[in-house]
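Visitor: Structure file data-v2.tsv, TSV, C-alpha atoms and all ligand atoms, is pasted below:
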```
chain	number	residue	atom	x	y	z
A	6	MET	CA	-47.83	-8.85	-2.88
A	7	THR	CA	-44.90	-10.87	-1.65
A	8	VAL	CA	-41.74	-9.09	-0.66
A	9	PRO	CA	-38.65	-10.68	-2.20
A	10	ALA	CA	-36.38	-12.15	0.44
A	11	SER	CA	-33.15	-10.26	0.99
A	12	PRO	CA	-30.09	-12.20	-0.20
A	13	ALA	CA	-29.03	-14.73	2.41
A	14	LYS	CA	-25.96	-13.73	4.41
A	15	VAL	CA	-23.63	-16.67	3.98
A	16	ARG	CA	-20.85	-17.05	6.53
A	17	GLY	CA	-17.50	-17.35	4.78
A	18	GLU	CA	-18.40	-15.50	1.57
A	19	THR	CA	-16.30	-12.43	0.70
A	20	ILE	CA	-17.89	-9.36	2.26
A	21	LEU	CA	-15.08	-6.85	1.66
A	22	GLY	CA	-12.65	-7.12	-1.24
A	23	VAL	CA	-9.63	-4.80	-1.49
A	24	ASP	CA	-7.58	-4.72	-4.67
A	25	GLU	CA	-4.24	-2.92	-5.09
A	26	LEU	CA	-5.24	-0.03	-2.87
A	27	VAL	CA	-2.85	2.94	-2.91
A	28	LYS	CA	-2.78	6.19	-0.92
A	29	HIS	CA	0.04	8.64	-1.54
A	30	PHE	CA	0.02	11.92	0.41
A	31	PRO	CA	1.69	14.62	-1.72
A	32	ILE	CA	4.63	16.54	-0.26
A	33	THR	CA	4.50	20.05	-1.70
A	34	GLN	CA	6.87	23.00	-1.89
A	35	GLY	CA	6.18	26.70	-2.41
A	36	VAL	CA	3.62	28.99	-0.84
A	37	LEU	CA	1.65	30.52	-3.70
A	38	PHE	CA	2.43	28.00	-6.41
A	39	LYS	CA	2.47	24.68	-4.65
A	40	ARG	CA	4.19	21.96	-6.58
A	41	GLN	CA	4.43	18.37	-5.60
A	42	ILE	CA	8.03	17.34	-4.96
A	43	ASP	CA	7.42	13.90	-3.50
A	44	ALA	CA	4.82	11.69	-1.85
A	45	VAL	CA	4.37	9.76	1.37
A	46	ARG	CA	3.50	6.25	0.24
A	47	ALA	CA	1.31	5.50	3.25
A	48	VAL	CA	-0.57	2.61	1.58
A	49	ASP	CA	1.19	1.25	-1.48
A	50	GLY	CA	-0.65	-1.63	-3.14
A	51	VAL	CA	-2.69	-3.50	-0.54
A	52	SER	CA	-4.98	-6.40	-1.52
A	53	PHE	CA	-6.97	-8.76	0.70
A	54	GLU	CA	-10.41	-10.24	1.25
A	55	LEU	CA	-12.49	-10.16	4.40
A	56	ARG	CA	-14.99	-13.00	4.73
A	57	ARG	CA	-18.34	-12.76	6.44
A	58	GLY	CA	-18.11	-13.58	10.14
A	59	GLU	CA	-14.31	-13.59	10.32
A	60	THR	CA	-11.77	-11.36	12.05
A	61	LEU	CA	-8.79	-10.27	10.00
A	62	GLY	CA	-5.94	-8.86	12.07
A	63	VAL	CA	-3.79	-6.12	10.50
A	64	VAL	CA	-0.48	-5.84	12.34
A	65	GLY	CA	2.63	-3.71	11.92
A	66	GLU	CA	4.76	-1.09	13.63
A	67	SER	CA	3.64	2.49	13.96
A	68	GLY	CA	3.74	4.41	10.66
A	69	CYS	CA	3.29	1.42	8.36
A	70	GLY	CA	-0.08	2.62	7.04
A	71	LYS	CA	-2.66	0.80	9.14
A	72	SER	CA	-4.78	3.82	10.06
A	73	THR	CA	-4.60	5.18	6.51
A	74	LEU	CA	-5.91	1.82	5.27
A	75	ALA	CA	-8.76	2.00	7.81
A	76	ARG	CA	-9.59	5.59	6.83
A	77	LEU	CA	-9.64	4.67	3.12
A	78	LEU	CA	-12.11	1.87	3.81
A	79	MET	CA	-14.29	4.26	5.81
A	80	ARG	CA	-14.11	6.71	2.89
A	81	LEU	CA	-12.48	9.32	5.14
A	82	GLU	CA	-9.61	9.47	2.62
A	83	THR	CA	-9.74	9.26	-1.17
A	84	PRO	CA	-7.51	6.58	-2.65
A	85	THR	CA	-4.79	7.47	-5.15
A	86	SER	CA	-5.69	4.28	-6.99
A	87	GLY	CA	-7.11	0.82	-6.43
A	88	ARG	CA	-10.51	-0.71	-5.84
A	89	ALA	CA	-12.61	-1.99	-2.97
A	90	THR	CA	-16.00	-3.65	-2.89
A	91	LEU	CA	-18.36	-4.03	0.04
A	92	GLU	CA	-20.92	-6.79	-0.50
A	93	GLY	CA	-20.09	-6.63	-4.20
A	94	ARG	CA	-20.65	-2.86	-4.54
A	95	ASP	CA	-17.86	-0.51	-5.57
A	96	LEU	CA	-16.94	1.33	-2.39
A	97	PHE	CA	-15.14	4.26	-4.01
A	98	ALA	CA	-17.59	4.87	-6.89
A	99	ALA	CA	-20.64	5.04	-4.59
A	100	SER	CA	-22.29	8.40	-3.98
A	101	GLY	CA	-25.58	9.74	-2.66
A	102	GLY	CA	-27.99	7.15	-1.30
A	103	GLU	CA	-25.77	4.21	-2.16
A	104	LEU	CA	-22.83	5.71	-0.27
A	105	ARG	CA	-25.07	6.26	2.75
A	106	ARG	CA	-26.11	2.61	2.66
A	107	LEU	CA	-22.50	1.45	2.36
A	108	ARG	CA	-21.42	3.77	5.18
A	109	ARG	CA	-24.14	2.42	7.40
A	110	ASN	CA	-22.91	-1.08	6.80
A	111	MET	CA	-19.29	-0.43	7.80
A	112	GLN	CA	-18.45	1.30	11.07
A	113	MET	CA	-15.26	2.08	12.94
A	114	VAL	CA	-13.99	1.89	16.51
A	115	MET	CA	-11.15	4.34	17.11
A	116	GLN	CA	-7.93	3.84	19.00
A	117	ASP	CA	-8.17	6.49	21.66
A	118	PRO	CA	-11.31	6.40	23.80
A	119	TYR	CA	-10.18	9.65	25.46
A	120	THR	CA	-10.18	11.85	22.37
A	121	SER	CA	-12.66	10.10	20.07
A	122	LEU	CA	-15.74	10.96	22.18
A	123	ASN	CA	-17.01	14.54	22.24
A	124	PRO	CA	-16.60	15.67	25.89
A	125	ARG	CA	-19.59	18.03	25.67
A	126	MET	CA	-22.08	15.38	24.54
A	127	THR	CA	-23.86	12.96	26.85
A	128	VAL	CA	-23.35	9.26	26.32
A	129	GLY	CA	-26.92	9.02	25.09
A	130	ASP	CA	-26.28	11.65	22.42
A	131	ILE	CA	-22.98	10.06	21.38
A	132	VAL	CA	-24.43	6.57	20.97
A	133	GLY	CA	-27.61	7.96	19.37
A	134	GLU	CA	-25.77	10.27	16.94
A	135	PRO	CA	-25.80	7.73	14.08
A	136	PHE	CA	-29.63	7.76	14.21
A	137	ALA	CA	-29.59	11.52	13.59
A	138	ILE	CA	-27.46	10.95	10.47
A	139	HIS	CA	-29.47	7.92	9.33
A	140	PRO	CA	-33.00	8.74	10.58
A	141	ASP	CA	-34.55	5.71	8.86
A	142	ALA	CA	-32.48	3.37	11.09
A	143	ALA	CA	-34.69	4.09	14.11
A	144	PRO	CA	-37.99	6.00	14.27
A	145	LYS	CA	-37.65	9.17	16.35
A	146	GLY	CA	-39.72	8.04	19.34
A	147	SER	CA	-37.76	4.79	19.71
A	148	ARG	CA	-34.23	6.21	19.74
A	149	ARG	CA	-33.81	6.73	23.49
A	150	GLN	CA	-34.86	3.14	24.08
A	151	ARG	CA	-32.49	1.87	21.35
A	152	VAL	CA	-29.60	3.76	22.98
A	153	ARG	CA	-30.38	2.18	26.35
A	154	GLU	CA	-30.46	-1.26	24.75
A	155	LEU	CA	-27.10	-0.59	23.09
A	156	LEU	CA	-25.54	0.46	26.41
A	157	ASP	CA	-26.86	-2.73	27.96
A	158	VAL	CA	-25.46	-4.86	25.09
A	159	VAL	CA	-21.94	-3.50	25.66
A	160	GLY	CA	-22.10	-4.01	29.42
A	161	LEU	CA	-22.79	-0.43	30.54
A	162	ASN	CA	-25.56	0.68	32.87
A	163	PRO	CA	-28.44	2.09	30.75
A	164	GLU	CA	-29.22	4.44	33.65
A	165	HIS	CA	-25.96	6.30	32.86
A	166	VAL	CA	-27.31	7.58	29.56
A	167	ASN	CA	-27.13	11.22	30.69
A	168	ARG	CA	-23.54	11.12	31.92
A	169	TYR	CA	-20.57	12.64	30.12
A	170	PRO	CA	-17.50	10.78	28.82
A	171	HIS	CA	-15.21	12.05	31.62
A	172	GLN	CA	-17.37	10.21	34.14
A	173	PHE	CA	-16.28	6.86	32.66
A	174	SER	CA	-13.04	4.87	32.79
A	175	GLY	CA	-10.98	4.17	29.64
A	176	GLY	CA	-12.44	0.68	29.22
A	177	GLN	CA	-15.97	2.01	29.66
A	178	ARG	CA	-15.34	4.75	27.13
A	179	GLN	CA	-14.23	2.17	24.61
A	180	ARG	CA	-17.52	0.34	25.29
A	181	ILE	CA	-19.33	3.60	24.46
A	182	GLY	CA	-17.40	3.74	21.16
A	183	ILE	CA	-18.39	0.15	20.44
A	184	ALA	CA	-22.06	0.88	21.23
A	185	ARG	CA	-21.97	3.78	18.77
A	186	ALA	CA	-20.40	1.56	16.10
A	187	LEU	CA	-23.16	-1.03	16.64
A	188	ALA	CA	-26.07	1.43	16.48
A	189	LEU	CA	-26.76	1.03	12.77
A	190	ARG	CA	-26.32	-2.77	12.88
A	191	PRO	CA	-23.39	-2.84	10.44
A	192	ASP	CA	-21.97	-6.02	8.92
A	193	VAL	CA	-18.35	-4.86	9.16
A	194	ILE	CA	-16.53	-3.02	11.96
A	195	VAL	CA	-13.02	-1.67	11.45
A	196	CYS	CA	-11.32	-1.54	14.86
A	197	ASP	CA	-8.22	0.69	14.73
A	198	GLU	CA	-6.07	-0.37	17.71
A	199	PRO	CA	-9.17	-0.47	19.94
A	200	VAL	CA	-7.30	-1.64	23.04
A	201	SER	CA	-3.82	-0.08	22.61
A	202	ALA	CA	-4.62	2.83	24.95
A	203	LEU	CA	-6.05	0.58	27.68
A	204	ASP	CA	-4.46	-1.23	30.65
A	205	VAL	CA	-3.61	-4.86	29.91
A	206	SER	CA	-6.22	-6.11	32.39
A	207	ILE	CA	-8.93	-4.10	30.62
A	208	GLN	CA	-7.75	-5.09	27.12
A	209	ALA	CA	-8.93	-8.68	27.58
A	210	GLN	CA	-12.38	-7.53	28.71
A	211	VAL	CA	-12.86	-5.34	25.64
A	212	ILE	CA	-11.60	-8.09	23.32
A	213	ASN	CA	-13.99	-10.59	24.96
A	214	LEU	CA	-16.84	-8.14	24.43
A	215	LEU	CA	-15.95	-7.76	20.74
A	216	GLU	CA	-15.90	-11.56	20.33
A	217	GLN	CA	-19.23	-11.94	22.06
A	218	LEU	CA	-20.80	-9.24	19.85
A	219	GLN	CA	-19.37	-10.91	16.76
A	220	ASP	CA	-21.22	-14.14	17.60
A	221	GLU	CA	-24.40	-12.33	18.52
A	222	PHE	CA	-24.60	-10.05	15.47
A	223	GLY	CA	-22.63	-12.04	12.86
A	224	LEU	CA	-20.08	-9.22	12.53
A	225	SER	CA	-16.91	-9.25	10.43
A	226	TYR	CA	-13.96	-7.38	11.90
A	227	ILE	CA	-10.80	-5.78	10.65
A	228	PHE	CA	-8.78	-5.63	13.84
A	229	ILE	CA	-5.72	-3.38	13.72
A	230	ALA	CA	-2.92	-3.76	16.27
A	231	HIS	CA	0.77	-2.88	16.47
A	232	ASP	CA	1.93	-6.22	17.84
A	233	LEU	CA	1.04	-9.83	17.29
A	234	SER	CA	0.25	-10.70	20.92
A	235	VAL	CA	-2.97	-8.68	21.09
A	236	VAL	CA	-4.66	-10.14	18.01
A	237	ARG	CA	-3.74	-13.79	18.52
A	238	HIS	CA	-6.93	-14.98	20.19
A	239	ILE	CA	-9.44	-12.92	18.30
A	240	CYS	CA	-8.19	-13.32	14.70
A	241	ASP	CA	-9.00	-16.02	12.17
A	242	ARG	CA	-6.40	-14.62	9.79
A	243	VAL	CA	-3.64	-12.05	10.11
A	244	ALA	CA	-2.10	-9.63	7.58
A	245	VAL	CA	1.32	-8.26	8.51
A	246	MET	CA	2.03	-4.77	7.13
A	247	TYR	CA	5.37	-3.09	6.53
A	248	LEU	CA	5.82	0.33	4.88
A	249	GLY	CA	2.45	0.42	3.15
A	250	ARG	CA	2.38	-3.19	2.00
A	251	ILE	CA	1.08	-6.52	3.27
A	252	VAL	CA	4.24	-8.64	3.53
A	253	GLU	CA	2.61	-11.83	4.81
A	254	ILE	CA	-0.97	-13.00	5.21
A	255	GLY	CA	-2.33	-16.27	6.51
A	256	THR	CA	-4.48	-18.09	9.01
A	257	GLU	CA	-3.78	-17.74	12.70
A	258	GLU	CA	-1.88	-21.03	12.55
A	259	GLU	CA	0.12	-20.10	9.43
A	260	ILE	CA	1.26	-16.82	10.94
A	261	TYR	CA	1.93	-17.96	14.52
A	262	GLN	CA	3.32	-21.44	13.76
A	263	ARG	CA	4.76	-21.24	10.25
A	264	ALA	CA	5.62	-17.59	9.49
A	265	THR	CA	8.06	-17.36	6.59
A	266	HIS	CA	8.74	-13.61	6.36
A	267	PRO	CA	11.63	-12.27	8.46
A	268	TYR	CA	9.57	-9.24	9.56
A	269	THR	CA	6.76	-11.45	10.88
A	270	GLN	CA	9.35	-13.65	12.58
A	271	ALA	CA	10.86	-10.60	14.27
A	272	LEU	CA	7.43	-9.43	15.46
A	273	LEU	CA	6.70	-12.94	16.78
A	274	SER	CA	10.00	-12.94	18.57
A	275	ALA	CA	8.79	-9.97	20.62
A	276	VAL	CA	5.65	-11.81	21.77
A	277	PRO	CA	6.09	-12.89	25.40
A	278	VAL	CA	6.25	-16.66	26.00
A	279	PRO	CA	4.81	-17.78	29.34
A	280	ASP	CA	6.68	-21.13	29.48
A	281	PRO	CA	10.21	-20.43	30.91
A	282	GLU	CA	11.75	-23.50	29.21
A	283	ALA	CA	10.48	-22.50	25.79
A	284	ARG	CA	11.67	-18.96	26.53
A	285	ASP	CA	15.22	-20.20	27.19
A	286	ARG	CA	15.27	-22.36	24.06
A	287	ARG	CA	14.26	-19.79	21.50
A	288	THR	CA	16.55	-17.42	19.66
A	289	VAL	CA	15.22	-13.89	19.99
A	290	ILE	CA	15.40	-11.62	16.94
A	291	ARG	CA	15.86	-7.98	17.78
A	292	LEU	CA	14.73	-5.50	15.17
A	293	THR	CA	17.24	-2.70	14.95
A	294	GLY	CA	16.70	0.78	13.52
A	295	ASP	CA	13.45	2.51	12.73
A	296	VAL	CA	11.00	1.95	9.93
A	297	PRO	CA	12.44	3.91	6.93
A	298	SER	CA	10.50	6.95	5.72
A	299	PRO	CA	7.51	6.03	3.55
A	300	ALA	CA	8.45	9.06	1.40
A	301	ASP	CA	11.60	7.24	0.34
A	302	PRO	CA	11.18	3.48	0.74
A	303	PRO	CA	14.23	1.25	0.05
A	304	SER	CA	14.57	-0.20	-3.47
A	305	GLY	CA	13.64	-3.84	-4.00
A	306	CYS	CA	12.45	-5.35	-0.73
A	307	ARG	CA	11.34	-2.61	1.64
A	308	PHE	CA	12.44	-4.59	4.68
A	309	ARG	CA	16.00	-5.08	3.46
A	310	THR	CA	17.56	-2.25	5.53
A	311	ARG	CA	16.58	-4.12	8.70
A	312	CYS	CA	16.75	-7.71	7.44
A	313	TRP	CA	19.51	-10.04	8.64
A	314	LYS	CA	18.98	-12.32	5.63
A	315	ALA	CA	19.24	-9.64	2.92
A	316	GLU	CA	21.29	-10.48	-0.18
A	317	GLU	CA	22.05	-8.55	-3.37
A	318	VAL	CA	18.85	-9.63	-5.11
A	319	CYS	CA	16.82	-8.03	-2.30
A	320	ALA	CA	17.97	-4.55	-3.34
A	321	VAL	CA	16.89	-4.95	-6.96
A	322	GLN	CA	13.90	-7.28	-7.00
A	323	ASP	CA	10.72	-6.26	-5.21
A	324	PRO	CA	9.33	-9.52	-3.78
A	325	GLN	CA	5.61	-10.06	-4.46
A	326	THR	CA	3.24	-11.31	-1.73
A	327	VAL	CA	2.66	-14.75	-3.23
A	328	PRO	CA	2.58	-18.38	-2.03
A	329	ARG	CA	6.12	-19.68	-1.47
A	330	ALA	CA	7.68	-23.13	-1.58
A	331	ALA	CA	8.24	-23.02	2.20
A	332	ASP	CA	4.48	-22.84	2.89
A	333	PRO	CA	1.44	-22.17	0.69
A	334	HIS	CA	0.40	-18.90	2.37
A	335	PRO	CA	1.50	-15.63	0.68
A	336	SER	CA	4.78	-14.08	1.83
A	337	ALA	CA	6.82	-11.26	0.25
A	338	CYS	CA	10.31	-12.68	0.73
A	339	HIS	CA	12.76	-14.13	-1.82
A	340	PHE	CA	14.10	-16.41	0.90
A	341	ALA	CA	10.86	-17.32	2.67
A	342	GLU	CA	11.36	-20.15	5.15
A	343	VAL	CA	9.84	-21.37	8.39
A	344	ARG	CA	12.08	-20.79	11.43
A	345	THR	CA	13.30	-23.92	13.11
A	346	ASP	CA	14.96	-22.33	16.17
A	347	VAL	CA	11.78	-21.32	18.00
A	401	LIG	N1	-2.84	13.25	6.17
A	401	LIG	C1	-1.57	12.85	6.02
A	401	LIG	N2	-0.69	13.61	5.33
A	401	LIG	C2	0.60	13.21	5.15
A	401	LIG	N3	1.10	12.06	5.64
A	401	LIG	C3	0.27	11.26	6.36
A	401	LIG	C4	-1.10	11.61	6.58
A	401	LIG	N4	-1.68	10.61	7.31
A	401	LIG	C5	-0.70	9.71	7.52
A	401	LIG	N5	0.46	10.10	6.95
A	401	LIG	C6	1.73	9.34	6.95
A	401	LIG	O1	1.47	8.07	6.41
A	401	LIG	C7	2.24	7.08	7.08
A	401	LIG	C8	1.32	6.01	7.62
A	401	LIG	O2	0.58	6.54	8.69
A	401	LIG	P1	-0.57	5.73	9.45
A	401	LIG	O3	-1.51	5.19	8.44
A	401	LIG	O4	-1.12	6.60	10.51
A	401	LIG	O5	0.26	4.52	10.09
A	401	LIG	P2	-0.08	3.58	11.34
A	401	LIG	O6	-1.54	3.69	11.64
A	401	LIG	O7	0.33	2.22	10.89
A	401	LIG	O8	0.77	4.06	12.47
A	401	LIG	C9	3.03	7.81	8.15
A	401	LIG	O9	4.32	8.07	7.64
A	401	LIG	C10	2.25	9.08	8.35
A	401	LIG	O10	3.09	10.11	8.79
A	402	LIG	S1	13.41	-10.41	0.37
A	402	LIG	FE1	15.47	-10.27	1.23
A	402	LIG	S2	15.51	-8.39	2.45
A	402	LIG	FE2	13.36	-8.90	2.02
A	402	LIG	S3	12.69	-10.03	3.77
A	402	LIG	FE3	13.38	-11.55	2.29
A	402	LIG	S4	15.55	-11.89	2.75
A	402	LIG	FE4	14.94	-10.03	3.83
A	403	MG	MG	-2.56	4.12	13.45
```
Written as structure tokens, how would this file's structure read?
Ligand SMILES: Nc1ncnc2c1ncn2[C@@H]1O[C@H](COP(=O)(O)OP(=O)(O)O)[C@@H](O)[C@H]1O
Ligand code: SF4
Ligand SMILES: [Mg+2]
Guide:
Amino acid sequence: MTVPASPAKVRGETILGVDELVKHFPITQGVLFKRQIDAVRAVDGVSFELRRGETLGVVGESGCGKSTLARLLMRLETPTSGRATLEGRDLFAASGGELRRLRRNMQMVMQDPYTSLNPRMTVGDIVGEPFAIHPDAAPKGSRRQRVRELLDVVGLNPEHVNRYPHQFSGGQRQRIGIARALALRPDVIVCDEPVSALDVSIQAQVINLLEQLQDEFGLSYIFIAHDLSVVRHICDRVAVMYLGRIVEIGTEEEIYQRATHPYTQALLSAVPVPDPEARDRRTVIRLTGDVPSPADPPSGCRFRTRCWKAEEVCAVQDPQTVPRAADPHPSACHFAEVRTDV
């Protein structure tokens, strides 16, 4: 009997599709009879596609919904509404065996390597834990060897398999987290600010490792960061988030060279420029004020309370994230234009 070949994995095809995803956390009042009085609109209508083999950066200030988006995709939160498909299968409708298969195929690397690893477990047990949950991924007798191989792949000494997390540096701990995410050979890894807690010198090493693993294993990444400088060299495309929405999305070149949304332009303005002449020439935009509360977002354009270009229409018309005359990539601004003073 011939075994049918598994469907070919074609680089560039859509692997993860997200459509109008919404997560509202209810705000309740009362002790015995809780009633909902409002909601935190953490993720409020997010759509994008992730293609096989690419890295999509998701960037925005703290509180704009990045981690909630990651947790929804990992099925750690239930969406209020919206759809997502992983390799064509409905991510939120899956249960039982199908959910286990989907879960195996999408893994996550957390932000904080100090709190995301159980201090009482050895590195070997941490990296091998996924095999206990998915026993069919590695036969019992082979697991120790698989863990050693994984440690080697992420640049750690396989001899350190019996050590505890506190015996490693921050960068090494993040490598342990990456080894654990790789254990089940997923197609997609969601990295939630994987280098934000690390020293700048270590950040580049971890990013290089992620790039190297992407080539080796054909991985697709969602790479979350709070500023645009970190993701520049690893991302093929970037989605900029503000108050639960994607306000601009495009290729690395479209976002870094031809951004049309004022929020993206402000974030770019904060990216350090090494060339002193270019630094003197550019007009720096300083974002004032905090991100408004996602429980009570501004009417119309959510960025208007901090936008220096806001006009009356911005308070009444919610701009959609669509291609604009200024440039074909989607941008949620009524007055989208490329900056000329940078
Ligand atoms: N479990 C929760 N219950 C209520 N509000 C939450 C919960 N998780 C996150 N939030 C709120 O949702 C918003 C987005 O949070 P988060 O997704 O963590 O943003 P980011 O990762 O971009 O910093 C924040 O206002 C946060 O306080
Ligand atoms: S729509 Fe108006 S307020 Fe919103 S970013 Fe554009 S100019 Fe600013
Ligand atoms: Mg976060």
Visitor: Select, from A:Thr73, A:Ser147, A:Asn167, A:Gln262, the residue with the minimum atom-to-atom distance to Leu248 (chain A), counting all atoms listed in the file.
Guide: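 Smallest separation from Leu248 (chain A) among the options: A:Thr73.
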Visitor: Could you give me, as a tab-separated table (two decimals) with C-alpha atoms, in the frame of the given file, every polymer residue with an atom at most 8 Å away from an atom of ligand MG 403 (chain A), counting only C-alpha atoms and all ligand atoms?
Guide:
```
chain	number	residue	atom	x	y	z
A	67	SER	CA	3.64	2.49	13.96
A	68	GLY	CA	3.74	4.41	10.66
A	70	GLY	CA	-0.08	2.62	7.04
A	71	LYS	CA	-2.66	0.80	9.14
A	72	SER	CA	-4.78	3.82	10.06
A	73	THR	CA	-4.60	5.18	6.51
A	116	GLN	CA	-7.93	3.84	19.00
A	197	ASP	CA	-8.22	0.69	14.73
A	198	GLU	CA	-6.07	-0.37	17.71
```
Visitor: Pick out the residues sitting within 9 Å of Glu259 (chain A), and hand them over as a list of chain:residue names; count all atoms listed in the file, and ignore anything fewer than 3 positions along from it in its own chain.
Guide: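 Everything that qualifies: A:Arg242, A:Val243, A:Ile254, A:Gly255, A:Thr256, A:Gln262, A:Arg263, A:Ala264, A:Thr265, A:Asp332, A:His334.
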Visitor: Next, write the just-selected residues to a file, as a PDB file, in the frame of the given file, keeping C-alpha atoms as the atom set.
Guide:
```pdb
ATOM      1  CA  ARG A 242      -6.400 -14.620   9.790  1.00  0.00           C
ATOM      2  CA  VAL A 243      -3.640 -12.050  10.110  1.00  0.00           C
ATOM      3  CA  ILE A 254      -0.970 -13.000   5.210  1.00  0.00           C
ATOM      4  CA  GLY A 255      -2.330 -16.270   6.510  1.00  0.00           C
ATOM      5  CA  THR A 256      -4.480 -18.090   9.010  1.00  0.00           C
ATOM      6  CA  GLN A 262       3.320 -21.440  13.760  1.00  0.00           C
ATOM      7  CA  ARG A 263       4.760 -21.240  10.250  1.00  0.00           C
ATOM      8  CA  ALA A 264       5.620 -17.590   9.490  1.00  0.00           C
ATOM      9  CA  THR A 265       8.060 -17.360   6.590  1.00  0.00           C
ATOM     10  CA  ASP A 332       4.480 -22.840   2.890  1.00  0.00           C
ATOM     11  CA  HIS A 334       0.400 -18.900   2.370  1.00  0.00           C
TER      12      HIS A 334
END
```
Visitor: Smallest atom-to-atom distance to Ser336 (chain A): which of A:His139, A:His266, A:Arg311, A:Arg180, using all atoms listed in the file?
Guide: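 Closest to Ser336 (chain A) of all the choices is A:His266.
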Visitor: Would you work out the distance separating CA of Ala271 (chain A) from atom C1 of ligand LIG 401 (chain A), expressed in Å to one decimal?
Guide: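 Pair CA of Ala271 (chain A) / atom C1 of ligand LIG 401 (chain A) returns 27.8 Å.
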Visitor: So which residues are near ligand LIG 402 (chain A), meaning at most 7 Å away with all atoms listed in the file counted, given back as a list of chain:residue names?
Guide: A:His266, A:Pro267, A:Tyr268, A:Cys306, A:Arg307, A:Phe308, A:Arg309, A:Cys312, A:Trp313, A:Lys314, A:Ala315, A:Glu316, A:Cys319, A:Pro324, A:Ala337, A:Cys338, A:His339, A:Phe340, A:Ala341
Visitor: Give as number ranges by chain the residues surrounding ligand LIG 401 (chain A) up to a distance of 9 Å, considering all atoms listed in the file.
Guide: A: 28-32, 44-48, 64-76, 82, 197-198, 229-231, 246-249, 298-300
Visitor: I need the chosen residues saved as a PDB file, in the coordinates of the input, with C-alpha atoms.
Guide:
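Contents of out_6.pdb, freshly written:
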```
ATOM      1  CA  LYS A  28      -2.780   6.190  -0.920  1.00  0.00           C
ATOM      2  CA  HIS A  29       0.040   8.640  -1.540  1.00  0.00           C
ATOM      3  CA  PHE A  30       0.020  11.920   0.410  1.00  0.00           C
ATOM      4  CA  PRO A  31       1.690  14.620  -1.720  1.00  0.00           C
ATOM      5  CA  ILE A  32       4.630  16.540  -0.260  1.00  0.00           C
ATOM      6  CA  ALA A  44       4.820  11.690  -1.850  1.00  0.00           C
ATOM      7  CA  VAL A  45       4.370   9.760   1.370  1.00  0.00           C
ATOM      8  CA  ARG A  46       3.500   6.250   0.240  1.00  0.00           C
ATOM      9  CA  ALA A  47       1.310   5.500   3.250  1.00  0.00           C
ATOM     10  CA  VAL A  48      -0.570   2.610   1.580  1.00  0.00           C
ATOM     11  CA  VAL A  64      -0.480  -5.840  12.340  1.00  0.00           C
ATOM     12  CA  GLY A  65       2.630  -3.710  11.920  1.00  0.00           C
ATOM     13  CA  GLU A  66       4.760  -1.090  13.630  1.00  0.00           C
ATOM     14  CA  SER A  67       3.640   2.490  13.960  1.00  0.00           C
ATOM     15  CA  GLY A  68       3.740   4.410  10.660  1.00  0.00           C
ATOM     16  CA  CYS A  69       3.290   1.420   8.360  1.00  0.00           C
ATOM     17  CA  GLY A  70      -0.080   2.620   7.040  1.00  0.00           C
ATOM     18  CA  LYS A  71      -2.660   0.800   9.140  1.00  0.00           C
ATOM     19  CA  SER A  72      -4.780   3.820  10.060  1.00  0.00           C
ATOM     20  CA  THR A  73      -4.600   5.180   6.510  1.00  0.00           C
ATOM     21  CA  LEU A  74      -5.910   1.820   5.270  1.00  0.00           C
ATOM     22  CA  ALA A  75      -8.760   2.000   7.810  1.00  0.00           C
ATOM     23  CA  ARG A  76      -9.590   5.590   6.830  1.00  0.00           C
ATOM     24  CA  GLU A  82      -9.610   9.470   2.620  1.00  0.00           C
ATOM     25  CA  ASP A 197      -8.220   0.690  14.730  1.00  0.00           C
ATOM     26  CA  GLU A 198      -6.070  -0.370  17.710  1.00  0.00           C
ATOM     27  CA  ILE A 229      -5.720  -3.380  13.720  1.00  0.00           C
ATOM     28  CA  ALA A 230      -2.920  -3.760  16.270  1.00  0.00           C
ATOM     29  CA  HIS A 231       0.770  -2.880  16.470  1.00  0.00           C
ATOM     30  CA  MET A 246       2.030  -4.770   7.130  1.00  0.00           C
ATOM     31  CA  TYR A 247       5.370  -3.090   6.530  1.00  0.00           C
ATOM     32  CA  LEU A 248       5.820   0.330   4.880  1.00  0.00           C
ATOM     33  CA  GLY A 249       2.450   0.420   3.150  1.00  0.00           C
ATOM     34  CA  SER A 298      10.500   6.950   5.720  1.00  0.00           C
ATOM     35  CA  PRO A 299       7.510   6.030   3.550  1.00  0.00           C
ATOM     36  CA  ALA A 300       8.450   9.060   1.400  1.00  0.00           C
TER      37      ALA A 300
END
```
Visitor: Could you tell me how far CA of His238 (chain A) sits from CA of Val159 (chain A), in Å to one decimal place?
Guide: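 These two atoms are separated by 19.7 Å.
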Visitor: State, in Å with one decimal place, the distance from CA of Val278 (chain A) to CA of Arg291 (chain A).
Guide: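 Separation between CA of Val278 (chain A) and CA of Arg291 (chain A): 15.3 Å.
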Visitor: Can you pull out every residue within 7 Å of Phe53 (chain A), counting only C-alpha atoms, but drop anything in the same chain fewer than 5 positions away, and send it as number ranges by chain?
Guide: A: 22-24
Visitor: Counting all atoms listed in the file, which of A:Ile131, A:Val245, A:Ala188, A:Val211 gets nearest to Ala143 (chain A)?
Guide: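 For Ala143 (chain A), the nearest of the given residues is A:Ala188.
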Visitor: Please return the centre and edge lengths, in Å to one decimal, of a box with edges along x, y and z that contains all listed atoms of region 338-343 of chain A, widened by 4 Å on every side, as lines of an AutoDock Vina configuration file.
Guide:
```
center_x = 12.0
center_y = -17.0
center_z = 3.3
size_x = 12.3
size_y = 16.7
size_z = 18.2
```
Visitor: Residues near region 85-94 of chain A, anyone? I mean within 12 Å using all atoms listed in the file, not counting same-chain ones fewer than 3 positions away, as number ranges by chain.
Guide: A: 12-15, 18-31, 44-57, 73-74, 77-80, 82, 97-100, 103-104, 106-111, 191-193, 225
